$ cat data.csv   # CSV, N, CA and C atoms
chain,number,residue,atom,x,y,z
O,1,MET,N,-89.2,119.2,-8.0
O,1,MET,CA,-89.0,120.7,-8.3
O,1,MET,C,-87.8,121.1,-7.4
O,2,SER,N,-87.2,122.1,-7.8
O,2,SER,CA,-86.0,122.6,-7.1
O,2,SER,C,-86.5,123.5,-5.9
O,3,LEU,N,-85.7,123.6,-4.9
O,3,LEU,CA,-86.1,124.4,-3.7
O,3,LEU,C,-86.4,125.8,-4.1
O,4,PRO,N,-85.6,126.5,-4.9
O,4,PRO,CA,-85.9,127.9,-5.2
O,4,PRO,C,-87.3,128.0,-5.9
O,5,SER,N,-87.6,127.1,-6.8
O,5,SER,CA,-88.9,127.2,-7.5
O,5,SER,C,-90.1,126.9,-6.5
O,6,VAL,N,-89.9,126.1,-5.5
O,6,VAL,CA,-90.9,125.9,-4.5
O,6,VAL,C,-91.1,127.1,-3.6
O,7,LEU,N,-90.0,127.7,-3.2
O,7,LEU,CA,-90.0,128.7,-2.3
O,7,LEU,C,-90.2,130.1,-2.8
O,8,LEU,N,-90.0,130.3,-4.1
O,8,LEU,CA,-90.2,131.7,-4.7
O,8,LEU,C,-91.6,132.2,-4.5
O,9,PRO,N,-92.7,131.4,-4.6
O,9,PRO,CA,-94.0,132.0,-4.3
O,9,PRO,C,-94.1,132.4,-2.8
O,10,VAL,N,-93.5,131.6,-1.9
O,10,VAL,CA,-93.5,132.0,-0.5
O,10,VAL,C,-92.8,133.3,-0.3
O,11,PHE,N,-91.6,133.5,-1.0
O,11,PHE,CA,-90.9,134.7,-0.8
O,11,PHE,C,-91.7,135.9,-1.3
O,12,VAL,N,-92.5,135.7,-2.4
O,12,VAL,CA,-93.3,136.8,-2.9
O,12,VAL,C,-94.5,137.1,-1.9
O,13,GLN,N,-95.1,136.1,-1.3
O,13,GLN,CA,-96.1,136.3,-0.3
O,13,GLN,C,-95.6,137.0,0.9
O,14,VAL,N,-94.4,136.6,1.3
O,14,VAL,CA,-93.7,137.3,2.5
O,14,VAL,C,-93.4,138.8,2.1
O,15,ALA,N,-93.0,139.0,0.9
O,15,ALA,CA,-92.7,140.4,0.4
O,15,ALA,C,-94.0,141.2,0.5
O,16,LEU,N,-95.1,140.6,0.0
O,16,LEU,CA,-96.4,141.3,0.1
O,16,LEU,C,-96.7,141.7,1.5
O,17,THR,N,-96.5,140.8,2.4
O,17,THR,CA,-96.8,141.0,3.8
O,17,THR,C,-96.0,142.2,4.4
O,18,PHE,N,-94.7,142.1,4.1
O,18,PHE,CA,-93.8,143.2,4.6
O,18,PHE,C,-94.1,144.5,3.9
O,19,ALA,N,-94.5,144.5,2.6
O,19,ALA,CA,-94.8,145.8,1.9
O,19,ALA,C,-96.1,146.4,2.6
O,20,LEU,N,-97.0,145.6,2.9
O,20,LEU,CA,-98.2,146.1,3.6
O,20,LEU,C,-97.9,146.6,5.0
O,21,LEU,N,-97.0,145.9,5.7
O,21,LEU,CA,-96.6,146.3,7.0
O,21,LEU,C,-95.9,147.7,6.9
O,22,ILE,N,-95.0,147.9,6.0
O,22,ILE,CA,-94.4,149.2,5.8
O,22,ILE,C,-95.4,150.3,5.5
O,23,TRP,N,-96.3,150.0,4.6
O,23,TRP,CA,-97.3,150.9,4.2
O,23,TRP,C,-98.2,151.3,5.4
O,24,MET,N,-98.6,150.3,6.1
O,24,MET,CA,-99.4,150.5,7.3
O,24,MET,C,-98.7,151.4,8.3
O,25,ALA,N,-97.4,151.1,8.6
O,25,ALA,CA,-96.7,151.8,9.6
O,25,ALA,C,-96.5,153.3,9.1
O,26,SER,N,-96.3,153.5,7.8
O,26,SER,CA,-96.2,154.8,7.3
O,26,SER,C,-97.5,155.6,7.4
O,27,ALA,N,-98.6,154.9,7.0
O,27,ALA,CA,-99.9,155.5,7.1
O,27,ALA,C,-100.3,155.9,8.5
O,28,ARG,N,-100.0,155.0,9.5
O,28,ARG,CA,-100.3,155.3,10.9
O,28,ARG,C,-99.5,156.4,11.4
O,29,THR,N,-98.2,156.4,11.1
O,29,THR,CA,-97.3,157.5,11.5
O,29,THR,C,-97.8,158.8,11.0
O,30,GLY,N,-98.2,158.8,9.7
O,30,GLY,CA,-98.7,160.0,9.1
O,30,GLY,C,-99.9,160.5,9.7
O,31,ALA,N,-100.8,159.6,10.0
O,31,ALA,CA,-102.1,160.0,10.7
O,31,ALA,C,-101.8,160.6,12.1
O,32,LEU,N,-100.9,160.1,12.8
O,32,LEU,CA,-100.5,160.7,14.1
O,32,LEU,C,-99.8,162.0,13.9
O,33,ARG,N,-98.9,162.1,12.9
O,33,ARG,CA,-98.1,163.3,12.7
O,33,ARG,C,-99.1,164.5,12.3
O,34,THR,N,-100.1,164.2,11.5
O,34,THR,CA,-101.0,165.2,11.0
O,34,THR,C,-102.2,165.4,11.9
O,35,LYS,N,-102.1,164.7,13.1
O,35,LYS,CA,-103.2,164.8,14.1
O,35,LYS,C,-104.6,164.4,13.6
O,36,GLN,N,-104.6,163.5,12.6
O,36,GLN,CA,-105.9,162.9,12.2
O,36,GLN,C,-106.3,161.9,13.3
O,37,THR,N,-105.3,161.4,14.0
O,37,THR,CA,-105.6,160.5,15.1
O,37,THR,C,-104.7,160.9,16.2
O,38,LYS,N,-105.3,160.9,17.4
O,38,LYS,CA,-104.5,161.2,18.6
O,38,LYS,C,-104.0,159.9,19.3
O,39,MET,N,-102.8,159.9,19.9
O,39,MET,CA,-102.3,158.7,20.6
O,39,MET,C,-103.3,158.1,21.5
O,40,SER,N,-104.0,159.0,22.3
O,40,SER,CA,-105.0,158.5,23.2
O,40,SER,C,-106.2,157.7,22.5
O,41,ASP,N,-106.4,158.0,21.3
O,41,ASP,CA,-107.5,157.3,20.5
O,41,ASP,C,-107.1,155.9,20.2
O,42,ILE,N,-105.8,155.6,20.2
O,42,ILE,CA,-105.4,154.2,19.8
O,42,ILE,C,-104.6,153.5,20.9
O,43,ALA,N,-104.4,154.1,22.0
O,43,ALA,CA,-103.5,153.6,23.0
O,43,ALA,C,-103.9,152.2,23.5
O,44,LEU,N,-105.2,151.9,23.6
O,44,LEU,CA,-105.7,150.7,24.1
O,44,LEU,C,-106.1,149.7,23.0
O,45,GLY,N,-105.7,150.0,21.7
O,45,GLY,CA,-106.0,149.1,20.6
O,45,GLY,C,-107.3,149.4,19.9
O,46,GLU,N,-107.9,150.5,20.3
O,46,GLU,CA,-109.1,150.9,19.6
O,46,GLU,C,-108.9,151.1,18.1
O,47,GLY,N,-109.8,150.8,17.3
O,47,GLY,CA,-109.6,151.1,15.9
O,47,GLY,C,-110.0,152.5,15.5
O,48,ASN,N,-109.4,153.5,16.0
O,48,ASN,CA,-109.8,154.8,15.7
O,48,ASN,C,-108.9,155.5,14.6
O,49,TRP,N,-108.5,154.7,13.6
O,49,TRP,CA,-107.6,155.2,12.6
O,49,TRP,C,-108.6,155.8,11.5
O,50,PRO,N,-108.1,156.7,10.7
O,50,PRO,CA,-108.9,157.2,9.5
O,50,PRO,C,-109.1,156.0,8.6
O,51,ALA,N,-110.2,156.0,7.8
O,51,ALA,CA,-110.5,154.9,6.9
O,51,ALA,C,-109.4,154.4,6.0
O,52,PRO,N,-108.7,155.3,5.3
O,52,PRO,CA,-107.6,154.7,4.5
O,52,PRO,C,-106.5,154.0,5.2
O,53,VAL,N,-106.2,154.4,6.5
O,53,VAL,CA,-105.2,153.7,7.3
O,53,VAL,C,-105.8,152.4,7.7
O,54,THR,N,-107.1,152.3,8.1
O,54,THR,CA,-107.7,151.1,8.5
O,54,THR,C,-107.7,150.1,7.4
O,55,VAL,N,-108.0,150.5,6.2
O,55,VAL,CA,-108.0,149.6,5.0
O,55,VAL,C,-106.6,148.9,4.9
O,56,VAL,N,-105.6,149.7,4.9
O,56,VAL,CA,-104.2,149.1,4.8
O,56,VAL,C,-103.9,148.2,5.9
O,57,GLY,N,-104.3,148.5,7.1
O,57,GLY,CA,-104.1,147.7,8.3
O,57,GLY,C,-104.9,146.4,8.2
O,58,ASN,N,-106.2,146.5,7.7
O,58,ASN,CA,-106.9,145.3,7.5
O,58,ASN,C,-106.3,144.4,6.5
O,59,SER,N,-105.8,144.9,5.4
O,59,SER,CA,-105.2,144.2,4.3
O,59,SER,C,-103.9,143.5,4.9
O,60,TYR,N,-103.2,144.2,5.7
O,60,TYR,CA,-102.0,143.6,6.3
O,60,TYR,C,-102.4,142.4,7.2
O,61,ASN,N,-103.4,142.6,8.1
O,61,ASN,CA,-103.9,141.6,9.0
O,61,ASN,C,-104.4,140.3,8.2
O,62,ASN,N,-105.0,140.5,7.0
O,62,ASN,CA,-105.4,139.4,6.2
O,62,ASN,C,-104.3,138.5,5.8
O,63,GLN,N,-103.1,139.0,5.8
O,63,GLN,CA,-101.9,138.2,5.4
O,63,GLN,C,-101.6,137.1,6.5
O,64,PHE,N,-102.3,137.2,7.6
O,64,PHE,CA,-102.0,136.2,8.7
O,64,PHE,C,-103.2,135.2,8.9
O,65,GLN,N,-104.0,135.1,7.8
O,65,GLN,CA,-105.1,134.2,7.9
O,65,GLN,C,-104.8,133.0,6.9
O,66,LEU,N,-105.3,133.1,5.7
O,66,LEU,CA,-105.1,132.0,4.7
O,66,LEU,C,-103.6,131.7,4.5
O,67,PRO,N,-102.7,132.7,4.3
O,67,PRO,CA,-101.3,132.4,4.1
O,67,PRO,C,-100.7,131.5,5.1
O,68,VAL,N,-101.1,131.5,6.3
O,68,VAL,CA,-100.5,130.7,7.3
O,68,VAL,C,-100.7,129.2,6.9
O,69,LEU,N,-101.9,128.9,6.4
O,69,LEU,CA,-102.1,127.5,5.9
O,69,LEU,C,-101.2,127.2,4.7
O,70,PHE,N,-101.0,128.2,3.9
O,70,PHE,CA,-100.1,128.0,2.7
O,70,PHE,C,-98.7,127.7,3.1
O,71,TYR,N,-98.2,128.5,4.1
O,71,TYR,CA,-96.8,128.3,4.6
O,71,TYR,C,-96.6,126.9,5.1
O,72,VAL,N,-97.6,126.5,5.9
O,72,VAL,CA,-97.5,125.1,6.5
O,72,VAL,C,-97.5,124.1,5.4
O,73,LEU,N,-98.3,124.2,4.4
O,73,LEU,CA,-98.4,123.3,3.3
O,73,LEU,C,-97.1,123.2,2.5
O,74,VAL,N,-96.5,124.4,2.2
O,74,VAL,CA,-95.3,124.4,1.5
O,74,VAL,C,-94.2,123.6,2.2
O,75,ILE,N,-94.1,123.9,3.5
O,75,ILE,CA,-93.1,123.2,4.3
O,75,ILE,C,-93.3,121.7,4.3
O,76,LEU,N,-94.6,121.3,4.5
O,76,LEU,CA,-94.9,119.8,4.5
O,76,LEU,C,-94.7,119.2,3.2
O,77,ALA,N,-95.1,119.9,2.1
O,77,ALA,CA,-94.9,119.4,0.7
O,77,ALA,C,-93.4,119.2,0.4
O,78,TRP,N,-92.6,120.1,0.9
O,78,TRP,CA,-91.1,120.0,0.6
O,78,TRP,C,-90.5,118.9,1.4
O,79,ILE,N,-90.9,118.8,2.7
O,79,ILE,CA,-90.3,117.7,3.5
O,79,ILE,C,-90.7,116.3,3.0
O,80,THR,N,-91.9,116.2,2.5
O,80,THR,CA,-92.4,114.9,2.1
O,80,THR,C,-92.2,114.6,0.6
O,81,ARG,N,-91.5,115.6,-0.1
O,81,ARG,CA,-91.2,115.5,-1.5
O,81,ARG,C,-92.4,115.4,-2.4
O,82,LYS,N,-93.4,116.1,-2.0
O,82,LYS,CA,-94.7,116.2,-2.8
O,82,LYS,C,-94.8,117.5,-3.5
O,83,ALA,N,-93.8,118.3,-3.5
O,83,ALA,CA,-93.9,119.6,-4.2
O,83,ALA,C,-93.4,119.5,-5.6
O,84,ASP,N,-94.4,119.2,-6.5
O,84,ASP,CA,-94.1,119.0,-7.9
O,84,ASP,C,-94.5,120.2,-8.7
O,85,LEU,N,-94.5,120.1,-10.0
O,85,LEU,CA,-94.9,121.2,-10.9
O,85,LEU,C,-96.3,121.7,-10.6
O,86,LEU,N,-97.2,120.8,-10.5
O,86,LEU,CA,-98.6,121.1,-10.1
O,86,LEU,C,-98.7,122.0,-8.9
O,87,PHE,N,-97.9,121.5,-7.9
O,87,PHE,CA,-97.9,122.2,-6.6
O,87,PHE,C,-97.4,123.7,-6.8
O,88,VAL,N,-96.3,123.8,-7.5
O,88,VAL,CA,-95.7,125.1,-7.7
O,88,VAL,C,-96.7,126.0,-8.5
O,89,VAL,N,-97.3,125.5,-9.6
O,89,VAL,CA,-98.3,126.3,-10.3
O,89,VAL,C,-99.4,126.7,-9.4
O,90,MET,N,-99.9,125.8,-8.6
O,90,MET,CA,-101.0,126.2,-7.7
O,90,MET,C,-100.6,127.2,-6.7
O,91,SER,N,-99.3,127.1,-6.2
O,91,SER,CA,-98.8,128.0,-5.3
O,91,SER,C,-98.8,129.4,-5.9
O,92,TRP,N,-98.4,129.5,-7.2
O,92,TRP,CA,-98.4,130.8,-7.8
O,92,TRP,C,-99.8,131.4,-8.0
O,93,ILE,N,-100.7,130.5,-8.3
O,93,ILE,CA,-102.1,131.0,-8.4
O,93,ILE,C,-102.6,131.5,-7.1
O,94,PHE,N,-102.3,130.8,-6.0
O,94,PHE,CA,-102.7,131.3,-4.7
O,94,PHE,C,-102.1,132.7,-4.4
O,95,VAL,N,-100.8,132.8,-4.6
O,95,VAL,CA,-100.1,134.0,-4.3
O,95,VAL,C,-100.6,135.2,-5.2
O,96,ILE,N,-100.8,134.9,-6.4
O,96,ILE,CA,-101.4,136.0,-7.3
O,96,ILE,C,-102.8,136.4,-6.8
O,97,SER,N,-103.5,135.4,-6.3
O,97,SER,CA,-104.9,135.8,-5.8
O,97,SER,C,-104.7,136.7,-4.6
O,98,ARG,N,-103.7,136.4,-3.8
O,98,ARG,CA,-103.5,137.2,-2.5
O,98,ARG,C,-103.0,138.6,-2.9
O,99,ILE,N,-102.2,138.7,-3.9
O,99,ILE,CA,-101.8,140.0,-4.4
O,99,ILE,C,-103.0,140.8,-5.0
O,100,ALA,N,-103.8,140.1,-5.7
O,100,ALA,CA,-105.0,140.8,-6.3
O,100,ALA,C,-105.9,141.2,-5.2
O,101,HIS,N,-106.1,140.3,-4.2
O,101,HIS,CA,-107.0,140.7,-3.0
O,101,HIS,C,-106.5,141.9,-2.3
O,102,ALA,N,-105.2,142.0,-2.1
O,102,ALA,CA,-104.6,143.1,-1.4
O,102,ALA,C,-104.7,144.4,-2.2
O,103,TRP,N,-104.5,144.3,-3.5
O,103,TRP,CA,-104.6,145.4,-4.4
O,103,TRP,C,-106.0,146.0,-4.4
O,104,ILE,N,-107.0,145.1,-4.6
O,104,ILE,CA,-108.4,145.5,-4.6
O,104,ILE,C,-108.7,146.1,-3.2
O,105,HIS,N,-108.3,145.4,-2.2
O,105,HIS,CA,-108.6,145.9,-0.8
O,105,HIS,C,-108.1,147.3,-0.6
O,106,THR,N,-106.9,147.6,-1.1
O,106,THR,CA,-106.3,148.9,-0.8
O,106,THR,C,-106.5,149.9,-1.9
O,107,SER,N,-107.2,149.6,-2.9
O,107,SER,CA,-107.5,150.6,-4.0
O,107,SER,C,-109.0,150.9,-4.0
O,108,THR,N,-109.7,150.2,-4.8
O,108,THR,CA,-111.1,150.4,-5.0
O,108,THR,C,-111.9,149.9,-3.8
O,109,ASN,N,-111.4,148.8,-3.2
O,109,ASN,CA,-112.1,148.1,-2.1
O,109,ASN,C,-113.5,147.7,-2.5
O,110,TYR,N,-113.7,147.4,-3.8
O,110,TYR,CA,-115.0,146.9,-4.4
O,110,TYR,C,-115.2,145.5,-3.9
O,111,VAL,N,-116.1,145.3,-2.9
O,111,VAL,CA,-116.2,144.1,-2.2
O,111,VAL,C,-116.5,142.8,-3.1
O,112,PRO,N,-117.3,142.9,-4.1
O,112,PRO,CA,-117.5,141.7,-5.0
O,112,PRO,C,-116.2,141.3,-5.6
O,113,ASN,N,-115.4,142.2,-6.1
O,113,ASN,CA,-114.1,141.8,-6.7
O,113,ASN,C,-113.2,141.3,-5.7
O,114,ARG,N,-113.2,141.9,-4.5
O,114,ARG,CA,-112.3,141.4,-3.5
O,114,ARG,C,-112.7,140.0,-3.0
O,115,PHE,N,-114.0,139.8,-3.0
O,115,PHE,CA,-114.5,138.4,-2.6
O,115,PHE,C,-114.0,137.4,-3.7
O,116,TYR,N,-114.1,137.7,-5.0
O,116,TYR,CA,-113.7,136.8,-6.0
O,116,TYR,C,-112.2,136.5,-5.9
O,117,ALA,N,-111.4,137.4,-5.6
O,117,ALA,CA,-110.0,137.2,-5.5
O,117,ALA,C,-109.7,136.3,-4.2
O,118,PHE,N,-110.5,136.6,-3.2
O,118,PHE,CA,-110.4,135.8,-2.0
O,118,PHE,C,-110.8,134.3,-2.2
O,119,ALA,N,-111.9,134.2,-2.9
O,119,ALA,CA,-112.5,132.9,-3.2
O,119,ALA,C,-111.6,132.0,-4.1
O,120,VAL,N,-110.9,132.7,-5.0
O,120,VAL,CA,-109.9,131.9,-5.8
O,120,VAL,C,-108.8,131.4,-4.9
O,121,GLY,N,-108.3,132.2,-4.1
O,121,GLY,CA,-107.3,131.8,-3.2
O,121,GLY,C,-107.7,130.6,-2.3
O,122,VAL,N,-108.9,130.8,-1.7
O,122,VAL,CA,-109.4,129.7,-0.8
O,122,VAL,C,-109.6,128.4,-1.6
O,123,PHE,N,-110.2,128.5,-2.8
O,123,PHE,CA,-110.4,127.3,-3.6
O,123,PHE,C,-109.1,126.6,-3.9
O,124,VAL,N,-108.1,127.4,-4.4
O,124,VAL,CA,-106.8,126.8,-4.8
O,124,VAL,C,-106.1,126.2,-3.5
O,125,LEU,N,-106.2,126.9,-2.4
O,125,LEU,CA,-105.5,126.4,-1.2
O,125,LEU,C,-106.2,125.1,-0.7
O,126,VAL,N,-107.5,125.1,-0.7
O,126,VAL,CA,-108.2,123.8,-0.3
O,126,VAL,C,-107.8,122.7,-1.3
O,127,LEU,N,-107.8,123.0,-2.6
O,127,LEU,CA,-107.5,121.9,-3.5
O,127,LEU,C,-106.0,121.5,-3.3
O,128,MET,N,-105.1,122.4,-3.0
O,128,MET,CA,-103.7,122.0,-2.7
O,128,MET,C,-103.7,121.1,-1.5
O,129,TRP,N,-104.4,121.4,-0.5
O,129,TRP,CA,-104.4,120.5,0.7
O,129,TRP,C,-105.1,119.2,0.4
O,130,VAL,N,-106.1,119.1,-0.4
O,130,VAL,CA,-106.8,117.9,-0.7
O,130,VAL,C,-105.8,117.0,-1.5
O,131,ILE,N,-105.2,117.6,-2.5
O,131,ILE,CA,-104.2,116.8,-3.3
O,131,ILE,C,-103.1,116.3,-2.5
O,132,PHE,N,-102.6,117.2,-1.6
O,132,PHE,CA,-101.5,116.8,-0.7
O,132,PHE,C,-101.9,115.6,0.2
O,133,ALA,N,-103.1,115.7,0.8
O,133,ALA,CA,-103.6,114.7,1.7
O,133,ALA,C,-103.8,113.4,1.0
O,134,VAL,N,-104.3,113.4,-0.2
O,134,VAL,CA,-104.5,112.2,-1.0
O,134,VAL,C,-103.2,111.5,-1.3
O,135,ARG,N,-102.2,112.4,-1.7
O,135,ARG,CA,-100.9,111.8,-2.0
O,135,ARG,C,-100.2,111.2,-0.8
O,136,ILE,N,-100.4,111.8,0.3
O,136,ILE,CA,-99.8,111.2,1.5
O,136,ILE,C,-100.5,110.0,2.0
O,137,LEU,N,-101.8,110.1,2.0
O,137,LEU,CA,-102.6,108.9,2.6
O,137,LEU,C,-102.6,107.7,1.6
O,138,LEU,N,-102.6,108.0,0.3
O,138,LEU,CA,-102.6,106.9,-0.6
O,138,LEU,C,-101.2,106.6,-1.1
O,139,ALA,N,-100.2,107.2,-0.6
O,139,ALA,CA,-98.8,107.0,-0.9
O,139,ALA,C,-98.5,107.2,-2.4
O,140,PHE,N,-99.0,108.3,-3.0
O,140,PHE,CA,-98.7,108.6,-4.4
O,140,PHE,C,-97.2,109.1,-4.5
$ encode --input "data.csv" --output "structure tokens"
Amino acid sequence: MSLPSVLLPVFVQVALTFALLIWMASARTGALRTKQTKMSDIALGEGNWPAPVTVVGNSYNNQFQLPVLFYVLVILAWITRKADLLFVVMSWIFVISRIAHAWIHTSTNYVPNRFYAFAVGVFVLVLMWVIFAVRILLAF
């Protein structure tokens, strides 16, 4: 696969992370400006943000959990020349599951649906790692 096709899902995942960061910063700034939250309430890292601001912040923080394993895998798959069509398709499924998870998290926050989106991402990422490991260890 070409480098752009392997990296495009990564770019989309990174864009999701930055979009949530910008949204979180805007929401936090707005909460401070409208005095929903006082600076002293959050100065030591306490989670005293209004619920909608907390939801966006949590969704942003989630982008530094599973996606880190995805980023490492993409780098390793590219370096070892194991990034084929199956890898790219699975990468897209993972990224789409992360987008769905973030959308559910920041909209309805219906936990069962959020869990299903999360579970799809976990399953696909574990499968990607297993396939990669088998290909490396068995020299496919």
$ closest_residue --input "data.csv" --among "O:Trp23, O:Asn58, O:Phe18, O:Leu7" --to "His105 of chain O" --atoms "all atoms listed in the file"
O:Asn58
$ atom_distance --input "data.csv" --atom1 "atom CA of Tyr71 of chain O" --atom2 "atom CA of Gly47 of chain O"
28.5 Å
$ atom_distance --input "data.csv" --atom1 "atom CA of Ala139 of chain O" --atom2 "atom C of Thr80 of chain O"
10.2 Å
$ atom_distance --input "data.csv" --atom1 "atom CA of Ile22 of chain O" --atom2 "atom C of Thr54 of chain O"
13.4 Å
$ closest_residue --input "data.csv" --among "O:Phe87, O:Phe118, O:Trp103, O:Tyr60" --to "Met1 of chain O" --atoms "only C-alpha atoms"
O:Phe87
$ closest_residue --input "data.csv" --among "O:Gly121, O:Leu16, O:Pro9, O:Trp129" --to "Gln63 of chain O" --atoms "only N, CA and C atoms"
O:Leu16
$ closest_residue --input "data.csv" --among "O:Glu46, O:Thr37, O:Val53, O:Ser5" --to "Ala25 of chain O" --atoms "only C-alpha atoms"
O:Val53
$ select_by_dssp --input "data.csv" --residues "chain O" --states "alpha helix (DSSP H)" --output "VMD selection string"
chain O and resid 3 to 33 39 to 42 51 to 62 66 to 79 85 to 106 111 to 137
$ residues_around --input "data.csv" --residues "segment 99-102 of chain O" --least-positions-apart "5" --cutoff "8 Å" --atoms "only N, CA and C atoms" --output "VMD selection string"
chain O and resid 13 16 59 to 60 93 to 94 107 113 to 118
$ closest_residue --input "data.csv" --among "O:Leu32, O:Met128, O:Val89, O:Val95" --to "Val10 of chain O" --atoms "only N, CA and C atoms"
O:Val95
